[in-house]
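Structure first, commentary second.
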There are 2 protein chains.
Amino acid sequence: MQRLGPWSREAWAALALQLLRPPRAPCAGGTRDLGPQQMIIREKILTAVISCFKRHGAKGLDTPAFELKEVLMEKYGEDSRLIYELKDQGGELLALRYDLTVPFARYLATNKIKKMKCYHIGKVWRRESPSITQGRYREFCQCDFDIAGHFDPMIPDAECLKIIYEILNALQLGDFLIKVNDRRILDGMFAVCGVPDNKFQLISASVDKLGKMSWKDVRQEMVGKIGLAPEVADCIGVYIQQHGGVSLVEQLLQDPKLSQNKQALEGLGDLKLLFEYLTLFGITEKISFDLSLARGLDYYTGVIYEAVLLQTPARQGEEPLGVGSVAAGGRYDGLVGMFDPKGRKVPCVGLSIGVERIFSIVEQRMEATEKIQVTETQVLVAAAQKNFLKERMKLIAELWDAGIKAEMLYKKNPSFLTQLHYCEETGIPLVAIIGEQELKDGVIKLRSVASREEVDIKREYIVTEIQRRMSES
Amino acid sequence: MQRLGPWSREAWAALALQLLRPPRAPCAGGTRDLGPQQMIIREKILTAVISCFKRHGAKGLDTPAFELKEVLMEKYGEDSRLIYELKDQGGELLALRYDLTVPFARYLATNKIKKMKCYHIGKVWRRESPSITQGRYREFCQCDFDIAGHFDPMIPDAECLKIIYEILNALQLGDFLIKVNDRRILDGMFAVCGVPDNKFQLISASVDKLGKMSWKDVRQEMVGKIGLAPEVADCIGVYIQQHGGVSLVEQLLQDPKLSQNKQALEGLGDLKLLFEYLTLFGITEKISFDLSLARGLDYYTGVIYEAVLLQTPARQGEEPLGVGSVAAGGRYDGLVGMFDPKGRKVPCVGLSIGVERIFSIVEQRMEATEKIQVTETQVLVAAAQKNFLKERMKLIAELWDAGIKAEMLYKKNPSFLTQLHYCEETGIPLVAIIGEQELKDGVIKLRSVASREEVDIKREYIVTEIQRRMSES
């Protein structure tokens with residue numbers, strides 16, 4: 001456990017959690033409940049995401065919340081310290097999954113699957129410092145799409161970018177940008193600039209901070225903290241401050257230093273092909289080749305990407321300001337092989353939609369504009385006078401059995417006004433009213449809550465009449 | 001940690017897990033992946049369950065996978081030892097949720113909610129001895145429906161039973177029986193038979209085994225293991241071997257011993273009312289008042305129930321054989337108060353659908369009868385000759401943008417036969433074929449996989465034509 005001075009990182013985190021937690025809320029720090037309104041929003045987002053995944057022919061997959069600890073170890077680089085482990089209560093050592101990619105790779109290896117296009121939706125857990133204002137939680141939902149198999153270069157990769165584009169478009173989150181880079185270009189760049197092999201990972205993590213930090217501060221970290229020679233840092237600086245389209249790829253293919261490096265050349269060649277495919281898909285206007293994109297996770301081996309939402313610049317000429325990553329992914333050709341006893345590789349490429357950040361945005365917007373109806377109830381079965389509980393129960397059972405969404409109040413004798421109020425509060429559009437006169441006449445009074453119009457419907461036609469009205473609305 | 005001789009219970013469990021786990025499958029013992037076919041089945045079940053919950057006006061809820069350890073402790077009686085705890089990595093002590101009921105009660109208390117009807121679907125975790133053949137897993141999905149609030153007696157309780165009835169009917173699992181009892185009747189019965197107060201819980205657990213064990217063996221456990229006086233056990237035996245309908249309730253209301261006990265009288269009175277409501281709902285034919293139903297969990301305070309599937313008896317006159325509980329629940333009026341600083345109670349009643357057992361049954365049946373299509377893809381974009389990758393990509397992007405579910409093979413030049421085979425294997429009904437002649441004529445050949453019929457469609461009408469065909473099928 002890494003100590004940072006007299007208080008450990010964990011102790012500070014615990015204190016922060018204590019302060020962040022509302023007083024009477026015994027929810028574990030960094031986690032939250034989703035109430036009915038939030039569930040409606042979550043459902044709306046997931047529906048859009050899943051329908052896109054299915055449009056691209058993906059099959060479903062589900063894996064357990066915890067894996068053998070050994071499955072998760074040495075897959076995430078420095079981030080491994082954020083993995084939640086289970087207590088040793090006898091038996092196997094277990095840990096909660098940190099993402100859905102490693103379990104997917106484990107699933108492929110376990111079942112000797114060589115080819116698969118699938119989606120995988122579930123919660124993952126990370127012991128992050130809690131920062132709920134940034135929409136960063138310790139439990140959150142991921143939506144992954146992955147293509148595994150030996151195929152021709154960049155065809156599945158291009159589809160992954162198309163999917164991110166389609167989903168962000170469908171959710172109408174505002175303007176966005178998908179940054180693209182390649183691990184091989186990064187590694188080639190580090191090599192030609194003279195970064196020692198053992199510092200690739202640390203420098204890579206530093207590079208990834210550009211954008212959140214200025215180049216001056218990133219350089220300071222590289223030189224001061226990691227101990228890179230200043231001229232090496234400056235060499236990196238020249239590259240990673242560039243971003244652009246396919247013309248930047250072509251320019252770097254001619255770069256005197258980079259073009260000497262085999263890995264970098266492969267990466268650039270593939271990116272060129274990728275841009276060609278993205279042009280056919282008609283989505284290049286949202287794509288930016290960005291040499292500062294590094295992605296922390298150990299397992300990426302080729303193309304990497306990350307989608308960020310853009311805020312409209314406050315003044316003309318200002319750079320649009322990113323409000324955080326909402327989707328990311330890349331190619332990981334070595335991961336499945338790590339789980340195979342003979343090391344047989346299955347190349348993979350995939351993406352992950354960050355539901356939590358998207359959720360925060362959609363939630364804000366929906367709260368601002370509309371009242372969210374949290375139930376789908378179509379009719380309330382009500383009584384006009386006392387002593388009609390039995391009649392209400394008989395009628396509501398009939399409605400349920402006919403597939404009609406119906407409620408009644410759980411009181412023997414609720415007042416008529418209370419019943420009407422309930423409809424207005426919860427947005428139920430119809431009331432089926434039983435009363436003395438109605439019972440005598442063999443009818444049910446059907447009332448529209450909005451128009452207050454009431455009509456008598458013969459008891460035997462009430463189901464049909466409600467169904468007719470619901471199919472019209 | 002309880003030791004059972006030289007090997008601990010945990011050590012045996014670990015060995016069993018080792019043996020049960022297939023050799024190359026590094027899935028944690030007692031858990032499993034759901035592949036595409038299984039996901040289709042799971043989705044089918046959840047859709048039926050959720051649509052019933054929504055028909056009854058329930059709102060959605062989601063709670064975190066782990067809770068503060070203190071939230072889960074002292075809620076489950078003896079079963080608490082099955083709770084998975086997280087490793088202490090600094091910060092709060094956490095544990096994986098054991099069911100969805102306790103988190104629901106915690107949610108109500110946290111948010112001071114006094115009234116709510118909601119459903120809650122998610123995974124729960126229990127350190128059970130693995131017995132995968134019985135469909136018992138260490139990770140499994142629960143679907144809960146709960147009604148919280150102060151209402152008139154037995155109205156919400158009756159609705160819970162109606163929901164179980166509707167769901168088991170909708171899933172067409174075969175004949176079933178819903179056993180009903182009341183904790184107050186059990187406690188009253190123990191009191192009048194002379195069970196010492198401190199043995200109520202142990203004896204209750206023993207009673208619950210009747211059905212799985214013969215009365216002789218249950219009696220043996222009560223007398224030999226728990227140390228009950230034989231005449232006390234026999235008194236219990238007379239009661240718990242009875243089951244029936246409302247007439248048994250009425251008979252017990254006249255029982256010279258039971259009728260002297262206030263708790264038992266309350267329970268019997270409520271059951272009588274419950275039967276009246278179930279008659280109005282038209283479901284009494286599936287309800288059995290069963291005095292041996294005890295349910296292990298500590299938190300129940302009133303009516304309890306459990307649905308079991310019945311197998312058709314092999315010979316006439318034989319008792320139908322239960323194949324395990326598929327739904328259960330009851331009233332828990334004290335649980336929310338345990339989380340409230342002032343102990344304010346919110347009465348609750350609810351039910352939980354055991355998706356895993358239902359899953360096993362539906363899976364068996366579907367595997368036996370039908371080939372399950374795991375994707376929804378409507379059209380494969382194919383090439384008749386080489387060098388049409390670009391045209392395929394342009395066309396498929398158009399189809400995706402129009403909301404059509406489309407796939408293409410990720411090869412530059414797949415053979416035509418391979419592309420047709422792919423459709424037959426995966427059940428894709430249409431192929432959009434691009435070829436030299438078609439390109440020259442400005443058409444796409446649209447082929448029906450089933451009939452092998454091919455027609456040329458003008459390039460600009462291809463989207464409309466596919467949409468028309470899909471809406472017809």
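Chain lettering (A, B, ...) mirrors the order of the structure tokens, residue numbering begins at 1 for each chain separately, and ligand numbering begins at 1 in order of display.
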
Counting only C-alpha atoms, which residues of chain B fall within 7 Å of chain A, and what is the closest atom pair for each with its distance in Å at one decimal, ordered by chain and rising number, as CSV?
residue,atom,partner,partner_atom,distance
B:Glu10,CA,A:Gly90,CA,5.2
B:Ala11,CA,A:Gly91,CA,6.6
B:Ala14,CA,A:Gly91,CA,4.5
B:Arg24,CA,A:Thr110,CA,5.8
B:Ala25,CA,A:Thr110,CA,4.8
B:Pro26,CA,A:Thr110,CA,6.8
B:Cys27,CA,A:Glu67,CA,6.2
B:Ala28,CA,A:Leu68,CA,5.4
B:Thr31,CA,A:Pro64,CA,6.3
B:Arg32,CA,A:Pro64,CA,6.3
B:Asp33,CA,A:Thr63,CA,4.5
B:Leu34,CA,A:Asp62,CA,5.0
B:Gly35,CA,A:Leu61,CA,5.1
B:Pro36,CA,A:Gly60,CA,4.8
B:Met39,CA,A:Gly60,CA,5.8
B:Lys54,CA,A:Glu376,CA,6.6
B:Arg55,CA,A:Lys405,CA,3.9
B:His56,CA,A:Ala406,CA,5.9
B:Gly57,CA,A:Thr377,CA,5.3
B:Ala58,CA,A:Thr375,CA,6.4
B:Lys59,CA,A:Pro36,CA,5.5
B:Gly60,CA,A:Pro36,CA,4.8
B:Leu61,CA,A:Gly35,CA,5.1
B:Asp62,CA,A:Leu34,CA,5.0
B:Thr63,CA,A:Asp33,CA,4.5
B:Pro64,CA,A:Thr31,CA,6.2
B:Glu67,CA,A:Ala28,CA,5.4
B:Leu68,CA,A:Ala28,CA,5.4
B:Glu85,CA,A:Lys87,CA,5.5
B:Leu86,CA,A:Leu86,CA,4.1
B:Lys87,CA,A:Lys87,CA,3.9
B:Gly90,CA,A:Glu10,CA,5.1
B:Gly91,CA,A:Ala14,CA,4.5
B:Glu92,CA,A:Ala14,CA,7.0
B:Thr110,CA,A:Ala25,CA,4.8
B:Phe151,CA,A:Tyr410,CA,5.6
B:Asp152,CA,A:Lys411,CA,5.1
B:Ile155,CA,A:Tyr410,CA,5.7
B:Pro156,CA,A:Tyr410,CA,6.4
B:Leu280,CA,A:Lys394,CA,5.3
B:Phe281,CA,A:Ala397,CA,5.5
B:Val374,CA,A:Lys59,CA,6.0
B:Thr375,CA,A:Lys59,CA,5.5
B:Glu376,CA,A:Lys54,CA,6.6
B:Thr377,CA,A:Gly57,CA,5.3
B:Lys390,CA,A:Leu280,CA,6.8
B:Met393,CA,A:Leu280,CA,6.3
B:Lys394,CA,A:Leu280,CA,5.3
B:Ala397,CA,A:Phe281,CA,5.5
B:Trp400,CA,A:Arg55,CA,6.8
B:Ile404,CA,A:Arg55,CA,6.5
B:Lys405,CA,A:Arg55,CA,3.9
B:Ala406,CA,A:His56,CA,5.9
B:Glu407,CA,A:Gly57,CA,6.0
B:Tyr410,CA,A:Phe151,CA,5.6
B:Lys411,CA,A:Asp152,CA,5.1
B:Lys412,CA,A:Asp152,CA,6.3

>> For the structure I just gave you, how does DSSP split region 381-445 of chain A - specifically, which residues are strand (DSSP E or B)? Reply as a PyMOL selection string.
In response: chain A and resi 381-383+406-407+430-434+443-445

Output N, CA, C and O atoms of each residue in that selection to a file, as a PDB file, in the first residue's frame.
ATOM      1  N   VAL A 381     -58.490   2.023 -10.931  1.00  0.00           N
ATOM      2  CA  VAL A 381     -59.811   1.490 -10.597  1.00  0.00           C
ATOM      3  C   VAL A 381     -60.242   2.149  -9.301  1.00  0.00           C
ATOM      4  O   VAL A 381     -59.618   1.956  -8.264  1.00  0.00           O
ATOM      5  N   ALA A 382     -61.310   2.946  -9.366  1.00  0.00           N
ATOM      6  CA  ALA A 382     -61.707   3.769  -8.233  1.00  0.00           C
ATOM      7  C   ALA A 382     -63.148   3.497  -7.822  1.00  0.00           C
ATOM      8  O   ALA A 382     -63.937   2.942  -8.589  1.00  0.00           O
ATOM      9  N   ALA A 383     -63.483   3.889  -6.594  1.00  0.00           N
ATOM     10  CA  ALA A 383     -64.857   3.753  -6.106  1.00  0.00           C
ATOM     11  C   ALA A 383     -65.402   5.139  -5.821  1.00  0.00           C
ATOM     12  O   ALA A 383     -64.691   6.006  -5.318  1.00  0.00           O
ATOM     13  N   ALA A 406     -52.969  -1.356 -14.665  1.00  0.00           N
ATOM     14  CA  ALA A 406     -53.979  -0.791 -13.779  1.00  0.00           C
ATOM     15  C   ALA A 406     -53.499  -0.749 -12.335  1.00  0.00           C
ATOM     16  O   ALA A 406     -52.736  -1.596 -11.896  1.00  0.00           O
ATOM     17  N   GLU A 407     -53.976   0.256 -11.610  1.00  0.00           N
ATOM     18  CA  GLU A 407     -53.713   0.355 -10.186  1.00  0.00           C
ATOM     19  C   GLU A 407     -55.001   0.636  -9.441  1.00  0.00           C
ATOM     20  O   GLU A 407     -55.991   1.081 -10.036  1.00  0.00           O
ATOM     21  N   LEU A 430     -56.665   7.538 -17.196  1.00  0.00           N
ATOM     22  CA  LEU A 430     -58.062   7.104 -17.122  1.00  0.00           C
ATOM     23  C   LEU A 430     -58.436   6.642 -15.713  1.00  0.00           C
ATOM     24  O   LEU A 430     -57.610   6.092 -14.991  1.00  0.00           O
ATOM     25  N   VAL A 431     -59.700   6.843 -15.352  1.00  0.00           N
ATOM     26  CA  VAL A 431     -60.228   6.300 -14.102  1.00  0.00           C
ATOM     27  C   VAL A 431     -61.455   5.460 -14.424  1.00  0.00           C
ATOM     28  O   VAL A 431     -62.361   5.929 -15.119  1.00  0.00           O
ATOM     29  N   ALA A 432     -61.486   4.236 -13.930  1.00  0.00           N
ATOM     30  CA  ALA A 432     -62.682   3.389 -14.055  1.00  0.00           C
ATOM     31  C   ALA A 432     -63.397   3.454 -12.716  1.00  0.00           C
ATOM     32  O   ALA A 432     -62.866   2.995 -11.704  1.00  0.00           O
ATOM     33  N   ILE A 433     -64.589   4.066 -12.710  1.00  0.00           N
ATOM     34  CA  ILE A 433     -65.264   4.362 -11.446  1.00  0.00           C
ATOM     35  C   ILE A 433     -66.454   3.425 -11.213  1.00  0.00           C
ATOM     36  O   ILE A 433     -67.335   3.290 -12.066  1.00  0.00           O
ATOM     37  N   ILE A 434     -66.459   2.812 -10.027  1.00  0.00           N
ATOM     38  CA  ILE A 434     -67.568   1.968  -9.621  1.00  0.00           C
ATOM     39  C   ILE A 434     -68.365   2.715  -8.552  1.00  0.00           C
ATOM     40  O   ILE A 434     -67.771   3.252  -7.612  1.00  0.00           O
ATOM     41  N   VAL A 443     -73.011  -0.759 -15.290  1.00  0.00           N
ATOM     42  CA  VAL A 443     -72.012  -0.010 -16.067  1.00  0.00           C
ATOM     43  C   VAL A 443     -70.818   0.360 -15.181  1.00  0.00           C
ATOM     44  O   VAL A 443     -70.846   0.220 -13.965  1.00  0.00           O
ATOM     45  N   ILE A 444     -69.763   0.807 -15.849  1.00  0.00           N
ATOM     46  CA  ILE A 444     -68.610   1.414 -15.178  1.00  0.00           C
ATOM     47  C   ILE A 444     -68.490   2.812 -15.767  1.00  0.00           C
ATOM     48  O   ILE A 444     -68.640   2.988 -16.977  1.00  0.00           O
ATOM     49  N   LYS A 445     -68.232   3.813 -14.905  1.00  0.00           N
ATOM     50  CA  LYS A 445     -68.019   5.156 -15.432  1.00  0.00           C
ATOM     51  C   LYS A 445     -66.541   5.289 -15.784  1.00  0.00           C
ATOM     52  O   LYS A 445     -65.682   5.034 -14.958  1.00  0.00           O
TER      53      LYS A 445
END

> To one decimal place, how far is CA of Leu273 (chain B) from CA of Asp175 (chain B) in Å?
Replying inline: 25.4 Å

>> List the spatial neighbours of Glu460 (chain B) as JSON, numbers by chain - criterion: any atom at most 9 Å away, only C-alpha atoms, same-chain residues fewer than 3 positions off excluded.
In response: {"B": [442, 443, 457, 463, 464]}

>> Write out as number ranges by chain the set of residues from region 76-126 of chain A that DSSP, computed on the backbone, places in alpha helix (DSSP H).
In response: A: 101-110

Kindly save the residues from that selection, with all heavy atoms included, as a PDB file, in the first residue's frame.
ATOM      1  N   THR A 101     -13.792  -5.680 -20.496  1.00  0.00           N
ATOM      2  CA  THR A 101     -12.922  -6.170 -21.566  1.00  0.00           C
ATOM      3  C   THR A 101     -12.165  -7.428 -21.137  1.00  0.00           C
ATOM      4  O   THR A 101     -12.118  -8.418 -21.885  1.00  0.00           O
ATOM      5  CB  THR A 101     -11.925  -5.068 -21.979  1.00  0.00           C
ATOM      6  OG1 THR A 101     -12.661  -3.872 -22.256  1.00  0.00           O
ATOM      7  CG2 THR A 101     -11.142  -5.470 -23.205  1.00  0.00           C
ATOM      8  N   VAL A 102     -11.576  -7.382 -19.959  1.00  0.00           N
ATOM      9  CA  VAL A 102     -10.828  -8.547 -19.481  1.00  0.00           C
ATOM     10  C   VAL A 102     -11.755  -9.764 -19.299  1.00  0.00           C
ATOM     11  O   VAL A 102     -11.432 -10.847 -19.778  1.00  0.00           O
ATOM     12  CB  VAL A 102     -10.021  -8.194 -18.209  1.00  0.00           C
ATOM     13  CG1 VAL A 102      -9.442  -9.434 -17.553  1.00  0.00           C
ATOM     14  CG2 VAL A 102      -8.901  -7.205 -18.564  1.00  0.00           C
ATOM     15  N   PRO A 103     -12.943  -9.602 -18.667  1.00  0.00           N
ATOM     16  CA  PRO A 103     -13.849 -10.757 -18.613  1.00  0.00           C
ATOM     17  C   PRO A 103     -14.264 -11.273 -19.998  1.00  0.00           C
ATOM     18  O   PRO A 103     -14.397 -12.480 -20.192  1.00  0.00           O
ATOM     19  CB  PRO A 103     -15.067 -10.209 -17.853  1.00  0.00           C
ATOM     20  CG  PRO A 103     -14.516  -9.122 -17.006  1.00  0.00           C
ATOM     21  CD  PRO A 103     -13.422  -8.488 -17.820  1.00  0.00           C
ATOM     22  N   PHE A 104     -14.433 -10.381 -20.959  1.00  0.00           N
ATOM     23  CA  PHE A 104     -14.780 -10.811 -22.324  1.00  0.00           C
ATOM     24  C   PHE A 104     -13.644 -11.659 -22.906  1.00  0.00           C
ATOM     25  O   PHE A 104     -13.889 -12.740 -23.461  1.00  0.00           O
ATOM     26  CB  PHE A 104     -15.027  -9.591 -23.212  1.00  0.00           C
ATOM     27  CG  PHE A 104     -15.174  -9.902 -24.678  1.00  0.00           C
ATOM     28  CD1 PHE A 104     -16.202 -10.719 -25.139  1.00  0.00           C
ATOM     29  CD2 PHE A 104     -14.278  -9.393 -25.612  1.00  0.00           C
ATOM     30  CE1 PHE A 104     -16.336 -11.004 -26.497  1.00  0.00           C
ATOM     31  CE2 PHE A 104     -14.403  -9.669 -26.967  1.00  0.00           C
ATOM     32  CZ  PHE A 104     -15.426 -10.493 -27.406  1.00  0.00           C
ATOM     33  N   ALA A 105     -12.416 -11.197 -22.750  1.00  0.00           N
ATOM     34  CA  ALA A 105     -11.261 -11.948 -23.264  1.00  0.00           C
ATOM     35  C   ALA A 105     -11.169 -13.303 -22.559  1.00  0.00           C
ATOM     36  O   ALA A 105     -10.911 -14.336 -23.189  1.00  0.00           O
ATOM     37  CB  ALA A 105      -9.980 -11.145 -23.055  1.00  0.00           C
ATOM     38  N   ARG A 106     -11.392 -13.313 -21.252  1.00  0.00           N
ATOM     39  CA  ARG A 106     -11.385 -14.563 -20.493  1.00  0.00           C
ATOM     40  C   ARG A 106     -12.475 -15.504 -21.006  1.00  0.00           C
ATOM     41  O   ARG A 106     -12.253 -16.706 -21.163  1.00  0.00           O
ATOM     42  CB  ARG A 106     -11.568 -14.251 -18.998  1.00  0.00           C
ATOM     43  CG  ARG A 106     -11.219 -15.344 -18.032  1.00  0.00           C
ATOM     44  CD  ARG A 106     -12.409 -16.165 -17.582  1.00  0.00           C
ATOM     45  NE  ARG A 106     -13.526 -15.356 -17.143  1.00  0.00           N
ATOM     46  CZ  ARG A 106     -14.781 -15.653 -17.424  1.00  0.00           C
ATOM     47  NH1 ARG A 106     -15.093 -16.728 -18.149  1.00  0.00           N
ATOM     48  NH2 ARG A 106     -15.764 -14.880 -16.990  1.00  0.00           N
ATOM     49  N   TYR A 107     -13.643 -14.948 -21.308  1.00  0.00           N
ATOM     50  CA  TYR A 107     -14.755 -15.752 -21.849  1.00  0.00           C
ATOM     51  C   TYR A 107     -14.364 -16.400 -23.181  1.00  0.00           C
ATOM     52  O   TYR A 107     -14.617 -17.590 -23.396  1.00  0.00           O
ATOM     53  CB  TYR A 107     -15.987 -14.864 -22.024  1.00  0.00           C
ATOM     54  CG  TYR A 107     -17.122 -15.517 -22.779  1.00  0.00           C
ATOM     55  CD1 TYR A 107     -17.977 -16.426 -22.148  1.00  0.00           C
ATOM     56  CD2 TYR A 107     -17.347 -15.226 -24.125  1.00  0.00           C
ATOM     57  CE1 TYR A 107     -19.014 -17.028 -22.840  1.00  0.00           C
ATOM     58  CE2 TYR A 107     -18.386 -15.829 -24.822  1.00  0.00           C
ATOM     59  CZ  TYR A 107     -19.209 -16.727 -24.180  1.00  0.00           C
ATOM     60  OH  TYR A 107     -20.237 -17.336 -24.872  1.00  0.00           O
ATOM     61  N   LEU A 108     -13.742 -15.635 -24.064  1.00  0.00           N
ATOM     62  CA  LEU A 108     -13.327 -16.176 -25.360  1.00  0.00           C
ATOM     63  C   LEU A 108     -12.331 -17.318 -25.162  1.00  0.00           C
ATOM     64  O   LEU A 108     -12.466 -18.385 -25.773  1.00  0.00           O
ATOM     65  CB  LEU A 108     -12.679 -15.083 -26.223  1.00  0.00           C
ATOM     66  CG  LEU A 108     -13.578 -13.944 -26.707  1.00  0.00           C
ATOM     67  CD1 LEU A 108     -12.770 -12.958 -27.539  1.00  0.00           C
ATOM     68  CD2 LEU A 108     -14.760 -14.475 -27.524  1.00  0.00           C
ATOM     69  N   ALA A 109     -11.342 -17.096 -24.302  1.00  0.00           N
ATOM     70  CA  ALA A 109     -10.307 -18.121 -24.086  1.00  0.00           C
ATOM     71  C   ALA A 109     -10.927 -19.367 -23.469  1.00  0.00           C
ATOM     72  O   ALA A 109     -10.675 -20.496 -23.914  1.00  0.00           O
ATOM     73  CB  ALA A 109      -9.199 -17.565 -23.198  1.00  0.00           C
ATOM     74  N   THR A 110     -11.769 -19.171 -22.451  1.00  0.00           N
ATOM     75  CA  THR A 110     -12.415 -20.291 -21.766  1.00  0.00           C
ATOM     76  C   THR A 110     -13.174 -21.179 -22.742  1.00  0.00           C
ATOM     77  O   THR A 110     -13.130 -22.396 -22.657  1.00  0.00           O
ATOM     78  CB  THR A 110     -13.441 -19.769 -20.734  1.00  0.00           C
ATOM     79  OG1 THR A 110     -12.772 -18.918 -19.828  1.00  0.00           O
ATOM     80  CG2 THR A 110     -14.100 -20.906 -19.990  1.00  0.00           C
TER      81      THR A 110
END

>> Between B:Ser451, B:Ser415, B:Gln201, B:Asn181, which residue has the minimum interatomic distance to Asp298 (chain B), considering only C-alpha atoms?
In response: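 Closest candidate: B:Gln201.
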
> Looking at B:Asp333, B:Lys216, B:Leu161, B:Tyr98, which one is nearest to Asp234 (chain B), with distances taken over only C-alpha atoms?
Replying inline: B:Lys216

>> At a cut-off of 9 Å, using only C-alpha atoms, what residues contact Gln242 (chain A)? Leave out same-chain residues fewer than 3 positions from it and give the result as an MDAnalysis selection string.
In response: chainID A and resid 237:239 248 289:292
